[in-house]
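Structure file coords27.pdb with PDB, C-alpha atoms:
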ATOM      1  CA  MET A   1      -8.616 -26.561  -1.600
ATOM      2  CA  PRO A   2      -8.334 -22.760  -1.723
ATOM      3  CA  LEU A   3      -9.411 -20.909   1.380
ATOM      4  CA  PRO A   4     -12.842 -19.242   1.090
ATOM      5  CA  PHE A   5     -13.114 -15.948  -0.696
ATOM      6  CA  ARG A   6     -15.697 -13.459   0.509
ATOM      7  CA  ARG A   7     -16.621 -10.404  -1.485
ATOM      8  CA  PRO A   8     -18.754  -7.934   0.533
ATOM      9  CA  ARG A   9     -20.892  -6.730  -2.341
ATOM     10  CA  ARG A  10     -23.688  -5.492  -0.101
ATOM     11  CA  ALA A  11     -21.177  -3.603   2.043
ATOM     12  CA  LEU A  12     -19.615  -1.995  -1.001
ATOM     13  CA  CYS A  13     -22.957  -0.952  -2.413
ATOM     14  CA  ALA A  14     -24.086   0.397   0.927
ATOM     15  CA  ALA A  15     -20.855   2.338   1.338
ATOM     16  CA  ALA A  16     -21.119   3.781  -2.148
ATOM     17  CA  LEU A  17     -24.667   4.968  -1.468
ATOM     18  CA  ALA A  18     -24.056   6.195   2.049
ATOM     19  CA  LEU A  19     -20.824   8.083   1.469
ATOM     20  CA  PRO A  20     -22.181  11.082  -0.493
ATOM     21  CA  LEU A  21     -25.076  11.473   1.962
ATOM     22  CA  ALA A  22     -22.775  11.356   4.971
ATOM     23  CA  LEU A  23     -20.409  13.851   3.463
ATOM     24  CA  ALA A  24     -23.216  16.188   2.513
ATOM     25  CA  ALA A  25     -25.143  15.977   5.779
ATOM     26  CA  GLY A  26     -22.562  15.313   8.456
ATOM     27  CA  LEU A  27     -19.468  17.319   7.560
ATOM     28  CA  ALA A  28     -19.434  21.093   7.547
ATOM     29  CA  PRO A  29     -16.692  23.148   5.866
ATOM     30  CA  LEU A  30     -13.728  23.812   8.154
ATOM     31  CA  GLY A  31     -14.409  27.469   8.875
ATOM     32  CA  ALA A  32     -14.905  30.531   6.714
ATOM     33  CA  ALA A  33     -11.209  30.588   5.906
ATOM     34  CA  ALA A  34     -11.731  27.320   4.035
ATOM     35  CA  GLN A  35     -13.260  29.230   1.120
ATOM     36  CA  ALA A  36     -10.080  29.252  -0.919
ATOM     37  CA  ASP A  37      -8.930  31.217  -3.904
ATOM     38  CA  ARG A  38      -8.425  28.232  -6.216
ATOM     39  CA  PRO A  39      -8.922  24.451  -6.319
ATOM     40  CA  LEU A  40      -6.575  22.007  -4.661
ATOM     41  CA  LYS A  41      -4.772  19.335  -6.659
ATOM     42  CA  LEU A  42      -4.248  15.795  -5.384
ATOM     43  CA  LEU A  43      -1.587  14.032  -7.445
ATOM     44  CA  VAL A  44      -1.818  10.247  -7.812
ATOM     45  CA  PRO A  45       1.369   8.378  -8.831
ATOM     46  CA  TYR A  46      -0.536   5.559 -10.519
ATOM     47  CA  ALA A  47      -2.854   5.200 -13.507
ATOM     48  CA  PRO A  48      -6.589   6.038 -13.381
ATOM     49  CA  GLY A  49      -8.934   3.310 -12.212
ATOM     50  CA  GLY A  50      -6.512   1.464  -9.950
ATOM     51  CA  VAL A  51      -6.846   0.907  -6.222
ATOM     52  CA  THR A  52      -4.726   3.959  -5.332
ATOM     53  CA  ASP A  53      -6.682   6.152  -7.736
ATOM     54  CA  GLN A  54      -9.979   5.024  -6.212
ATOM     55  CA  LEU A  55      -8.631   5.675  -2.725
ATOM     56  CA  ALA A  56      -7.468   9.158  -3.703
ATOM     57  CA  ARG A  57     -10.866  10.037  -5.160
ATOM     58  CA  LEU A  58     -12.641   8.997  -1.969
ATOM     59  CA  VAL A  59     -10.298  11.179   0.094
ATOM     60  CA  ALA A  60     -10.553  14.072  -2.387
ATOM     61  CA  GLY A  61     -14.343  14.014  -2.274
ATOM     62  CA  SER A  62     -14.402  14.150   1.495
ATOM     63  CA  MET A  63     -11.813  16.937   1.640
ATOM     64  CA  ALA A  64     -13.702  19.009  -0.922
ATOM     65  CA  THR A  65     -16.905  18.842   1.133
ATOM     66  CA  GLN A  66     -15.158  19.731   4.368
ATOM     67  CA  LEU A  67     -13.019  22.538   2.981
ATOM     68  CA  GLY A  68     -15.669  24.056   0.741
ATOM     69  CA  GLN A  69     -13.088  23.925  -2.046
ATOM     70  CA  PRO A  70     -12.725  21.695  -5.143
ATOM     71  CA  VAL A  71     -10.052  18.992  -4.961
ATOM     72  CA  VAL A  72      -8.994  17.878  -8.438
ATOM     73  CA  VAL A  73      -7.301  14.482  -8.831
ATOM     74  CA  GLU A  74      -4.468  14.368 -11.380
ATOM     75  CA  ASN A  75      -2.794  11.084 -12.326
ATOM     76  CA  LYS A  76       0.992  11.190 -12.782
ATOM     77  CA  PRO A  77       2.002   7.519 -13.095
ATOM     78  CA  GLY A  78       5.467   6.095 -13.564
ATOM     79  CA  ALA A  79       8.974   5.597 -12.199
ATOM     80  CA  ASN A  80       7.949   4.116  -8.854
ATOM     81  CA  THR A  81       6.051   7.342  -7.909
ATOM     82  CA  ILE A  82       8.989   9.620  -8.820
ATOM     83  CA  ILE A  83       7.166  11.329 -11.717
ATOM     84  CA  ALA A  84       4.378  12.426  -9.362
ATOM     85  CA  VAL A  85       6.866  13.608  -6.743
ATOM     86  CA  ASP A  86       8.710  15.663  -9.368
ATOM     87  CA  ALA A  87       5.383  17.225 -10.361
ATOM     88  CA  LEU A  88       4.721  18.098  -6.712
ATOM     89  CA  MET A  89       8.177  19.668  -6.376
ATOM     90  CA  ARG A  90       7.487  21.950  -9.362
ATOM     91  CA  GLU A  91       4.458  23.420  -7.581
ATOM     92  CA  PRO A  92       4.707  26.172  -4.930
ATOM     93  CA  ALA A  93       4.800  24.995  -1.308
ATOM     94  CA  ASP A  94       1.584  26.885  -0.561
ATOM     95  CA  GLY A  95      -0.780  24.048   0.403
ATOM     96  CA  HIS A  96      -2.636  23.883  -2.909
ATOM     97  CA  THR A  97      -0.969  20.685  -4.209
ATOM     98  CA  LEU A  98      -0.924  17.362  -2.400
ATOM     99  CA  LEU A  99       0.285  13.871  -3.263
ATOM    100  CA  MET A 100      -1.234  10.491  -2.467
ATOM    101  CA  GLY A 101       2.162   8.954  -1.812
ATOM    102  CA  ALA A 102       3.197   5.417  -0.956
ATOM    103  CA  GLY A 103       5.798   3.540   1.009
ATOM    104  CA  SER A 104       8.056   3.640  -2.034
ATOM    105  CA  THR A 105       7.792   7.437  -2.088
ATOM    106  CA  MET A 106       8.844   8.043   1.503
ATOM    107  CA  VAL A 107      10.984   5.028   2.379
ATOM    108  CA  LEU A 108      12.010   2.651  -0.409
ATOM    109  CA  ASN A 109      13.149   4.981  -3.202
ATOM    110  CA  PRO A 110      15.880   6.680  -1.115
ATOM    111  CA  LEU A 111      17.180   3.256  -0.076
ATOM    112  CA  LEU A 112      17.217   1.837  -3.589
ATOM    113  CA  ILE A 113      18.262   4.804  -5.757
ATOM    114  CA  LYS A 114      21.477   6.705  -5.058
ATOM    115  CA  LYS A 115      20.824   9.653  -7.383
ATOM    116  CA  LEU A 116      17.224  10.340  -6.446
ATOM    117  CA  SER A 117      15.695  13.642  -7.573
ATOM    118  CA  TYR A 118      14.265  14.314  -4.097
ATOM    119  CA  GLN A 119      14.921  13.443  -0.455
ATOM    120  CA  PRO A 120      11.820  12.784   1.685
ATOM    121  CA  LYS A 121      13.256  14.123   4.931
ATOM    122  CA  ARG A 122      14.297  17.334   3.212
ATOM    123  CA  ASP A 123      11.560  17.867   0.638
ATOM    124  CA  LEU A 124       8.351  16.162   1.770
ATOM    125  CA  ARG A 125       6.011  16.093   4.746
ATOM    126  CA  MET A 126       3.604  13.255   5.407
ATOM    127  CA  LEU A 127       0.368  14.745   6.726
ATOM    128  CA  SER A 128      -1.512  11.506   7.262
ATOM    129  CA  VAL A 129      -1.054   7.785   6.679
ATOM    130  CA  VAL A 130      -4.446   6.837   5.253
ATOM    131  CA  VAL A 131      -4.509   3.059   4.753
ATOM    132  CA  ASP A 132      -2.502  -0.129   4.877
ATOM    133  CA  THR A 133      -3.200  -2.507   2.003
ATOM    134  CA  PRO A 134      -2.393  -6.151   2.742
ATOM    135  CA  MET A 135      -0.596  -8.287   0.219
ATOM    136  CA  VAL A 136      -1.591 -11.918  -0.114
ATOM    137  CA  MET A 137       0.832 -14.842   0.071
ATOM    138  CA  VAL A 138      -0.265 -17.145  -2.747
ATOM    139  CA  VAL A 139       0.951 -20.463  -4.154
ATOM    140  CA  PRO A 140      -0.223 -22.709  -7.011
ATOM    141  CA  ALA A 141      -3.317 -24.730  -6.150
ATOM    142  CA  ALA A 142      -1.393 -27.987  -6.714
ATOM    143  CA  LEU A 143       1.462 -27.110  -4.325
ATOM    144  CA  PRO A 144       1.228 -29.203  -1.117
ATOM    145  CA  PRO A 145       1.522 -26.475   1.591
ATOM    146  CA  ASN A 146      -1.770 -25.100   2.901
ATOM    147  CA  ASN A 147      -0.446 -22.611   5.450
ATOM    148  CA  VAL A 148       2.668 -20.610   6.342
ATOM    149  CA  ALA A 149       4.167 -23.262   8.633
ATOM    150  CA  GLU A 150       3.774 -25.950   5.967
ATOM    151  CA  PHE A 151       5.311 -23.712   3.318
ATOM    152  CA  ARG A 152       8.247 -22.976   5.603
ATOM    153  CA  ARG A 153       8.887 -26.693   6.021
ATOM    154  CA  TYR A 154       8.483 -27.197   2.269
ATOM    155  CA  ALA A 155      11.082 -24.505   1.538
ATOM    156  CA  GLN A 156      13.455 -25.915   4.155
ATOM    157  CA  ALA A 157      13.160 -29.357   2.549
ATOM    158  CA  ASN A 158      13.839 -27.897  -0.912
ATOM    159  CA  PRO A 159      16.731 -25.449  -0.405
ATOM    160  CA  ASP A 160      17.333 -23.112  -3.349
ATOM    161  CA  LYS A 161      14.604 -24.872  -5.337
ATOM    162  CA  VAL A 162      11.790 -22.493  -4.357
ATOM    163  CA  ASN A 163      11.297 -19.532  -6.706
ATOM    164  CA  TYR A 164       9.119 -16.552  -5.873
ATOM    165  CA  ALA A 165       7.760 -14.020  -8.329
ATOM    166  CA  SER A 166       7.367 -10.254  -8.206
ATOM    167  CA  VAL A 167       6.718  -7.463 -10.678
ATOM    168  CA  GLY A 168      10.131  -5.832 -10.292
ATOM    169  CA  VAL A 169      13.320  -5.585  -8.276
ATOM    170  CA  GLY A 170      13.028  -3.419  -5.189
ATOM    171  CA  GLY A 171       9.252  -3.176  -5.222
ATOM    172  CA  SER A 172       7.033  -3.960  -2.256
ATOM    173  CA  LEU A 173       6.150  -7.419  -3.614
ATOM    174  CA  HIS A 174       9.836  -8.323  -3.970
ATOM    175  CA  LEU A 175      10.721  -7.031  -0.518
ATOM    176  CA  ALA A 176       7.799  -8.884   1.064
ATOM    177  CA  GLY A 177       9.333 -12.105  -0.270
ATOM    178  CA  GLU A 178      12.783 -11.139   0.978
ATOM    179  CA  LEU A 179      11.387 -10.401   4.432
ATOM    180  CA  PHE A 180       9.631 -13.765   4.486
ATOM    181  CA  ALA A 181      12.848 -15.585   3.587
ATOM    182  CA  GLN A 182      14.661 -13.741   6.372
ATOM    183  CA  LYS A 183      12.009 -14.348   9.052
ATOM    184  CA  ALA A 184      11.455 -17.985   8.017
ATOM    185  CA  GLY A 185      15.160 -18.778   7.640
ATOM    186  CA  VAL A 186      14.755 -20.231   4.153
ATOM    187  CA  ALA A 187      16.580 -19.788   0.860
ATOM    188  CA  MET A 188      14.462 -18.750  -2.128
ATOM    189  CA  THR A 189      15.244 -17.363  -5.581
ATOM    190  CA  HIS A 190      13.605 -14.126  -6.719
ATOM    191  CA  VAL A 191      12.240 -14.009 -10.274
ATOM    192  CA  ALA A 192      11.276 -10.515 -11.487
ATOM    193  CA  TYR A 193       8.576 -10.178 -14.131
ATOM    194  CA  LYS A 194       7.469  -7.157 -16.172
ATOM    195  CA  GLY A 195       3.925  -7.290 -14.859
ATOM    196  CA  SER A 196       1.453  -9.193 -12.722
ATOM    197  CA  VAL A 197      -0.117 -11.110 -15.636
ATOM    198  CA  PRO A 198       3.033 -13.029 -16.690
ATOM    199  CA  ALA A 199       4.011 -13.510 -13.039
ATOM    200  CA  LEU A 200       0.633 -14.990 -12.127
ATOM    201  CA  THR A 201       0.602 -17.110 -15.291
ATOM    202  CA  ASP A 202       3.875 -18.770 -14.289
ATOM    203  CA  LEU A 203       2.719 -19.078 -10.680
ATOM    204  CA  ILE A 204      -0.474 -20.860 -11.725
ATOM    205  CA  GLY A 205       1.602 -23.076 -14.033
ATOM    206  CA  GLY A 206       4.038 -23.992 -11.281
ATOM    207  CA  GLN A 207       7.144 -22.417 -12.848
ATOM    208  CA  VAL A 208       7.422 -20.367  -9.639
ATOM    209  CA  GLN A 209       6.167 -21.580  -6.288
ATOM    210  CA  LEU A 210       5.246 -18.393  -4.419
ATOM    211  CA  MET A 211       4.172 -14.801  -4.874
ATOM    212  CA  PHE A 212       3.316 -11.953  -2.568
ATOM    213  CA  ASP A 213       0.759 -10.031  -4.593
ATOM    214  CA  ALA A 214      -1.705  -7.168  -4.441
ATOM    215  CA  PRO A 215      -5.173  -8.524  -3.642
ATOM    216  CA  ALA A 216      -6.823  -6.962  -6.698
ATOM    217  CA  THR A 217      -4.918  -9.217  -9.117
ATOM    218  CA  SER A 218      -4.766 -12.442  -7.094
ATOM    219  CA  LEU A 219      -8.273 -12.625  -5.645
ATOM    220  CA  PRO A 220      -9.950 -13.635  -8.951
ATOM    221  CA  GLN A 221      -7.475 -16.519  -9.305
ATOM    222  CA  ILE A 222      -8.059 -17.555  -5.690
ATOM    223  CA  LYS A 223     -11.807 -17.522  -6.260
ATOM    224  CA  ALA A 224     -11.347 -19.589  -9.442
ATOM    225  CA  GLY A 225      -9.381 -22.228  -7.525
ATOM    226  CA  LYS A 226      -6.160 -21.676  -9.460
ATOM    227  CA  LEU A 227      -4.245 -20.290  -6.483
ATOM    228  CA  LYS A 228      -4.234 -20.935  -2.749
ATOM    229  CA  VAL A 229      -3.898 -18.055  -0.335
ATOM    230  CA  LEU A 230      -1.808 -18.980   2.691
ATOM    231  CA  ALA A 231      -1.740 -15.674   4.546
ATOM    232  CA  VAL A 232      -1.943 -11.896   4.371
ATOM    233  CA  THR A 233       1.065  -9.716   5.101
ATOM    234  CA  THR A 234      -0.279  -7.073   7.482
ATOM    235  CA  ARG A 235      -0.426  -7.254  11.275
ATOM    236  CA  GLU A 236      -4.220  -7.358  11.097
ATOM    237  CA  ARG A 237      -6.333  -9.738   9.059
ATOM    238  CA  MET A 238      -7.865  -8.512   5.822
ATOM    239  CA  PRO A 239     -11.593  -7.607   5.832
ATOM    240  CA  LEU A 240     -12.144  -9.340   2.476
ATOM    241  CA  LEU A 241     -10.518 -12.562   3.770
ATOM    242  CA  PRO A 242     -11.328 -12.626   7.476
ATOM    243  CA  ASP A 243     -10.576 -16.346   7.859
ATOM    244  CA  VAL A 244      -7.083 -16.089   6.356
ATOM    245  CA  PRO A 245      -4.336 -15.692   8.992
ATOM    246  CA  THR A 246      -1.523 -13.170   8.858
ATOM    247  CA  VAL A 247       2.065 -14.243   8.187
ATOM    248  CA  GLY A 248       2.912 -12.755  11.586
ATOM    249  CA  GLU A 249       0.701 -15.282  13.351
ATOM    250  CA  THR A 250       3.325 -17.878  12.387
ATOM    251  CA  LEU A 251       6.411 -15.646  12.029
ATOM    252  CA  PRO A 252       6.192 -12.992  14.775
ATOM    253  CA  GLY A 253       7.212  -9.506  13.691
ATOM    254  CA  TYR A 254       6.431  -9.996  10.021
ATOM    255  CA  ASP A 255       4.656  -6.925   8.599
ATOM    256  CA  ALA A 256       4.906  -5.943   4.943
ATOM    257  CA  ALA A 257       1.941  -3.769   4.072
ATOM    258  CA  LEU A 258       1.512  -1.557   1.079
ATOM    259  CA  TRP A 259       0.551   1.810   2.568
ATOM    260  CA  PHE A 260      -0.579   5.163   1.253
ATOM    261  CA  GLY A 261      -0.825   8.632   2.707
ATOM    262  CA  VAL A 262      -1.244  12.305   1.913
ATOM    263  CA  ILE A 263       1.937  14.338   1.404
ATOM    264  CA  VAL A 264       2.733  18.020   0.869
ATOM    265  CA  ARG A 265       5.964  19.819   0.140
ATOM    266  CA  GLU A 266       8.156  20.670   3.084
ATOM    267  CA  GLY A 267       7.886  24.405   3.691
ATOM    268  CA  THR A 268       4.110  24.457   3.330
ATOM    269  CA  PRO A 269       2.835  27.123   5.773
ATOM    270  CA  ALA A 270       1.922  25.613   9.135
ATOM    271  CA  ALA A 271      -1.670  26.912   9.013
ATOM    272  CA  ALA A 272      -2.257  25.469   5.541
ATOM    273  CA  ALA A 273      -0.733  22.116   6.485
ATOM    274  CA  ALA A 274      -2.822  21.939   9.664
ATOM    275  CA  ARG A 275      -6.004  22.722   7.745
ATOM    276  CA  LEU A 276      -5.297  20.002   5.171
ATOM    277  CA  LYS A 277      -4.346  17.445   7.804
ATOM    278  CA  ALA A 278      -7.545  18.159   9.733
ATOM    279  CA  ALA A 279      -9.582  17.489   6.588
ATOM    280  CA  VAL A 280      -7.819  14.176   5.890
ATOM    281  CA  ASP A 281      -8.057  13.065   9.508
ATOM    282  CA  GLN A 282     -11.753  13.912   9.663
ATOM    283  CA  ALA A 283     -12.274  11.829   6.503
ATOM    284  CA  LEU A 284     -10.638   8.841   8.211
ATOM    285  CA  LEU A 285     -13.195   9.051  11.013
ATOM    286  CA  ASP A 286     -16.214   9.039   8.686
ATOM    287  CA  PRO A 287     -17.910   5.597   8.915
ATOM    288  CA  ALA A 288     -19.199   5.597   5.340
ATOM    289  CA  LEU A 289     -15.837   6.509   3.872
ATOM    290  CA  ARG A 290     -14.068   3.922   6.039
ATOM    291  CA  GLN A 291     -16.513   1.270   4.859
ATOM    292  CA  ALA A 292     -15.910   2.203   1.210
ATOM    293  CA  MET A 293     -12.133   1.965   1.703
ATOM    294  CA  GLU A 294     -12.380  -1.358   3.535
ATOM    295  CA  ALA A 295     -14.551  -2.772   0.751
ATOM    296  CA  GLN A 296     -11.512  -2.281  -1.520
ATOM    297  CA  GLY A 297      -9.397  -4.437   0.802
ATOM    298  CA  ASN A 298      -7.749  -1.649   2.789
ATOM    299  CA  LEU A 299      -7.144  -1.363   6.522
ATOM    300  CA  VAL A 300      -8.017   2.240   7.352
ATOM    301  CA  ARG A 301      -5.694   4.036   9.761
ATOM    302  CA  LYS A 302      -6.882   6.160  12.644
ATOM    303  CA  PRO A 303      -5.651   9.768  12.629
ATOM    304  CA  GLN A 304      -2.126  10.111  14.020
ATOM    305  CA  SER A 305      -0.100  12.990  15.364
ATOM    306  CA  GLN A 306       2.938  14.186  13.439
ATOM    307  CA  GLU A 307       5.145  12.558  16.084
ATOM    308  CA  GLU A 308       3.398   9.203  15.555
ATOM    309  CA  ILE A 309       3.758   9.497  11.795
ATOM    310  CA  ASN A 310       7.452  10.321  12.090
ATOM    311  CA  ALA A 311       7.979   7.341  14.398
ATOM    312  CA  PHE A 312       6.180   5.066  11.919
ATOM    313  CA  LEU A 313       8.378   6.287   9.051
ATOM    314  CA  ALA A 314      11.489   5.722  11.174
ATOM    315  CA  ARG A 315      10.443   2.116  11.885
ATOM    316  CA  GLU A 316       9.755   1.494   8.204
ATOM    317  CA  ASP A 317      13.118   2.975   7.244
ATOM    318  CA  ALA A 318      14.977   0.826   9.767
ATOM    319  CA  GLN A 319      13.284  -2.414   8.704
ATOM    320  CA  TRP A 320      13.714  -1.988   4.973
ATOM    321  CA  ALA A 321      17.184  -0.418   5.128
ATOM    322  CA  ALA A 322      18.520  -3.484   6.929
ATOM    323  CA  LEU A 323      16.815  -5.869   4.506
ATOM    324  CA  ILE A 324      17.921  -3.988   1.377
ATOM    325  CA  LYS A 325      21.503  -3.770   2.613
ATOM    326  CA  ALA A 326      21.616  -7.459   3.535
ATOM    327  CA  GLY A 327      20.265  -8.426   0.109
ATOM    328  CA  ASN A 328      22.374  -5.893  -1.784
ATOM    329  CA  ILE A 329      19.215  -4.734  -3.585
ATOM    330  CA  THR A 330      19.460  -1.630  -5.781
ATOM    331  CA  LEU A 331      17.643   0.076  -8.639
ATOM    332  CA  ASP A 332      20.738   1.957  -9.877
TER     333      ASP A 332
END

Once you've parsed the file, please lay out its structure as structure tokens.
Amino acid sequence: MPLPFRRPRRALCAAALALPLALAAGLAPLGAAAQADRPLKLLVPYAPGGVTDQLARLVAGSMATQLGQPVVVENKPGANTIIAVDALMREPADGHTLLMGAGSTMVLNPLLIKKLSYQPKRDLRMLSVVVDTPMVMVVPAALPPNNVAEFRRYAQANPDKVNYASVGVGGSLHLAGELFAQKAGVAMTHVAYKGSVPALTDLIGGQVQLMFDAPATSLPQIKAGKLKVLAVTTRERMPLLPDVPTVGETLPGYDAALWFGVIVREGTPAAAAARLKAAVDQALLDPALRQAMEAQGNLVRKPQSQEEINAFLAREDAQWAALIKAGNITLD
């Protein structure tokens, strides 16, 4: 039987109602200097309406209230976030344009693409890591394993007969599967699909036996009893599925979150960068905004210093560089 699915509708509604009031009543603009000469732009590298877009709009609304300055969200989807990064690089490094970037922006693209149009360490600065978004480890409802340990034994008993799906080579879903195979010591075959719908269709039908997926697309199938969720991929459990263990509870050290954060161009004046970072960090401390983000399945980060952010990026780079090299994975 699938593990229970809990959707915190009351929490989501409460967060949606409370957020504007909290922002209006509890957060004052960050000083008279915050009255700026023109609106800010927050670029989103994915299409409108998705989880990242919703996250960006929550952050933009909070920043606008604090800074006393409009923050306009612009969607620039495509090319694994590269189109949005290129748009950022065409803007002046003056603190008026930001990017809601992802792990692919800062870590994966440079490891997977030799002739990349930008280099994060040279061109970009991460002001704040906003959220981790767990992926879910899902299998067909008819597959025998009911937890990570059972699936590991199943894969060991069926070497090279276990296929796992993703929505593209080198993406976070693919790499989550590669990391699982490495940590579990099992051999699995990656099958790349052109989208989540065909991948989930074959997973439900049993043509593939495993998928690490974004919660938004898998949760309806879990609720319908067509898929079983074995685990979530982050170090912490997922608020929407509090009874589902993490992969790391069985395979210590496993951590494969999707994560998102606010980025500016390198060379942005220190005062402007500090002002923007303060606004994002203050948003992360707002209870109503945190509740709204968590209702979407995110794990909200606490504000971090630049040194902590740099250390986090270094750990991510080391983990995925080793995995990508070992698997000879490339997008070129």

- Query: Written as a list in words, which residues does the PyMOL selection byres ((chain A and resi 233) around 9) give for the file shown?
  - Reply: Thr133, Pro134, Met135, Val136, Met137, Ala176, Phe212, Ala231, Val232, Thr234, Arg235, Glu236, Arg237, Pro245, Thr246, Val247, Gly248, Tyr254, Asp255, Ala256 and Ala257 of chain A

If you keep C-alpha atoms, can you produce a file of those selected residues as a PDB file, keeping the file's coordinate frame?
ATOM      1  CA  THR A 133      -3.200  -2.507   2.003  1.00  0.00           C
ATOM      2  CA  PRO A 134      -2.393  -6.151   2.742  1.00  0.00           C
ATOM      3  CA  MET A 135      -0.596  -8.287   0.219  1.00  0.00           C
ATOM      4  CA  VAL A 136      -1.591 -11.918  -0.114  1.00  0.00           C
ATOM      5  CA  MET A 137       0.832 -14.842   0.071  1.00  0.00           C
ATOM      6  CA  ALA A 176       7.799  -8.884   1.064  1.00  0.00           C
ATOM      7  CA  PHE A 212       3.316 -11.953  -2.568  1.00  0.00           C
ATOM      8  CA  ALA A 231      -1.740 -15.674   4.546  1.00  0.00           C
ATOM      9  CA  VAL A 232      -1.943 -11.896   4.371  1.00  0.00           C
ATOM     10  CA  THR A 234      -0.279  -7.073   7.482  1.00  0.00           C
ATOM     11  CA  ARG A 235      -0.426  -7.254  11.275  1.00  0.00           C
ATOM     12  CA  GLU A 236      -4.220  -7.358  11.097  1.00  0.00           C
ATOM     13  CA  ARG A 237      -6.333  -9.738   9.059  1.00  0.00           C
ATOM     14  CA  PRO A 245      -4.336 -15.692   8.992  1.00  0.00           C
ATOM     15  CA  THR A 246      -1.523 -13.170   8.858  1.00  0.00           C
ATOM     16  CA  VAL A 247       2.065 -14.243   8.187  1.00  0.00           C
ATOM     17  CA  GLY A 248       2.912 -12.755  11.586  1.00  0.00           C
ATOM     18  CA  TYR A 254       6.431  -9.996  10.021  1.00  0.00           C
ATOM     19  CA  ASP A 255       4.656  -6.925   8.599  1.00  0.00           C
ATOM     20  CA  ALA A 256       4.906  -5.943   4.943  1.00  0.00           C
ATOM     21  CA  ALA A 257       1.941  -3.769   4.072  1.00  0.00           C
TER      22      ALA A 257
END

For the file shown, report as a PDB file with C-alpha atoms, in the coordinates of the input the outcome of the PyMOL selection byres ((chain A and resi 272) around 12) at residue level.
ATOM      1  CA  LEU A  30     -13.728  23.812   8.154  1.00  0.00           C
ATOM      2  CA  ALA A  33     -11.209  30.588   5.906  1.00  0.00           C
ATOM      3  CA  ALA A  34     -11.731  27.320   4.035  1.00  0.00           C
ATOM      4  CA  ALA A  36     -10.080  29.252  -0.919  1.00  0.00           C
ATOM      5  CA  LEU A  40      -6.575  22.007  -4.661  1.00  0.00           C
ATOM      6  CA  LEU A  67     -13.019  22.538   2.981  1.00  0.00           C
ATOM      7  CA  ALA A  93       4.800  24.995  -1.308  1.00  0.00           C
ATOM      8  CA  ASP A  94       1.584  26.885  -0.561  1.00  0.00           C
ATOM      9  CA  GLY A  95      -0.780  24.048   0.403  1.00  0.00           C
ATOM     10  CA  HIS A  96      -2.636  23.883  -2.909  1.00  0.00           C
ATOM     11  CA  THR A  97      -0.969  20.685  -4.209  1.00  0.00           C
ATOM     12  CA  LEU A  98      -0.924  17.362  -2.400  1.00  0.00           C
ATOM     13  CA  LEU A 127       0.368  14.745   6.726  1.00  0.00           C
ATOM     14  CA  VAL A 264       2.733  18.020   0.869  1.00  0.00           C
ATOM     15  CA  ARG A 265       5.964  19.819   0.140  1.00  0.00           C
ATOM     16  CA  GLU A 266       8.156  20.670   3.084  1.00  0.00           C
ATOM     17  CA  GLY A 267       7.886  24.405   3.691  1.00  0.00           C
ATOM     18  CA  THR A 268       4.110  24.457   3.330  1.00  0.00           C
ATOM     19  CA  PRO A 269       2.835  27.123   5.773  1.00  0.00           C
ATOM     20  CA  ALA A 270       1.922  25.613   9.135  1.00  0.00           C
ATOM     21  CA  ALA A 271      -1.670  26.912   9.013  1.00  0.00           C
ATOM     22  CA  ALA A 273      -0.733  22.116   6.485  1.00  0.00           C
ATOM     23  CA  ALA A 274      -2.822  21.939   9.664  1.00  0.00           C
ATOM     24  CA  ARG A 275      -6.004  22.722   7.745  1.00  0.00           C
ATOM     25  CA  LEU A 276      -5.297  20.002   5.171  1.00  0.00           C
ATOM     26  CA  LYS A 277      -4.346  17.445   7.804  1.00  0.00           C
ATOM     27  CA  ALA A 278      -7.545  18.159   9.733  1.00  0.00           C
ATOM     28  CA  ALA A 279      -9.582  17.489   6.588  1.00  0.00           C
TER      29      ALA A 279
END

- Two-atom distance - atom CA of A:Met238, atom CA of A:Asn298 (Å):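 Separation between atom CA of A:Met238 and atom CA of A:Asn298: 7.5 Å.
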
- Query: Quick one, how far is atom CA of A:Val139 from atom CA of A:Leu210?
  - Reply: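 Between atom CA of A:Val139 and atom CA of A:Leu210 the gap is 4.8 Å.
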
- Message: Which residues, named as in the file, does the PyMOL selection byres ((chain A and resi 118) around 12) pick out? Answer as an MDAnalysis selection string.
- Response: chainID A and resid 81:90 105:107 109:110 113:117 119:124 265:266

- Task: Would you mind reading off the distance between atom CA of A:Gln221 and atom CA of A:Ala79, one decimal, in Å?
- Result: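 A separation of 27.7 Å between them.
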
- Task: Name the closest residue to A:Gly253 among the candidates A:Tyr46, A:Phe180, A:Tyr154, A:Tyr164; distances are taken between atoms, counting all atoms listed in the file.
- Result: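 Looking only at the distances to A:Gly253, the closest residue turns out to be A:Phe180.
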
- Among listed residues A:Ala224, A:Ala318, A:Ile263, A:Val280, nearest A:Ala141 (using only C-alpha atoms): A:Ala224

Padding 5 Å on each side, edges along x, y and z: where is the centre of the box around the listed atoms of stretch 196-201 of chain A, and how long are its edges in Å to one decimal? Output it as AutoDock Vina command-line options.
--center_x 1.9 --center_y -13.2 --center_z -14.4 --size_x 14.1 --size_y 17.9 --size_z 14.6

- Shortest interatomic distance to A:Asn310 - which of A:Arg125, A:Val138, A:Val44, A:Val73, counting all atoms listed in the file: A:Arg125

- Could you list as a list in words every residue that has an atom within 12 Å of (9.6, -25.5, 4.6), using the file's coordinates and counting all atoms listed in the file?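 Selection result: Pro144, Pro145, Asn146, Asn147, Val148, Ala149, Glu150, Phe151, Arg152, Arg153, Tyr154, Ala155, Gln156, Ala157, Asn158, Pro159, Asp160, Lys161, Val162, Phe180, Ala181, Ala184, Gly185, Val186, Ala187 and Met188 of chain A.
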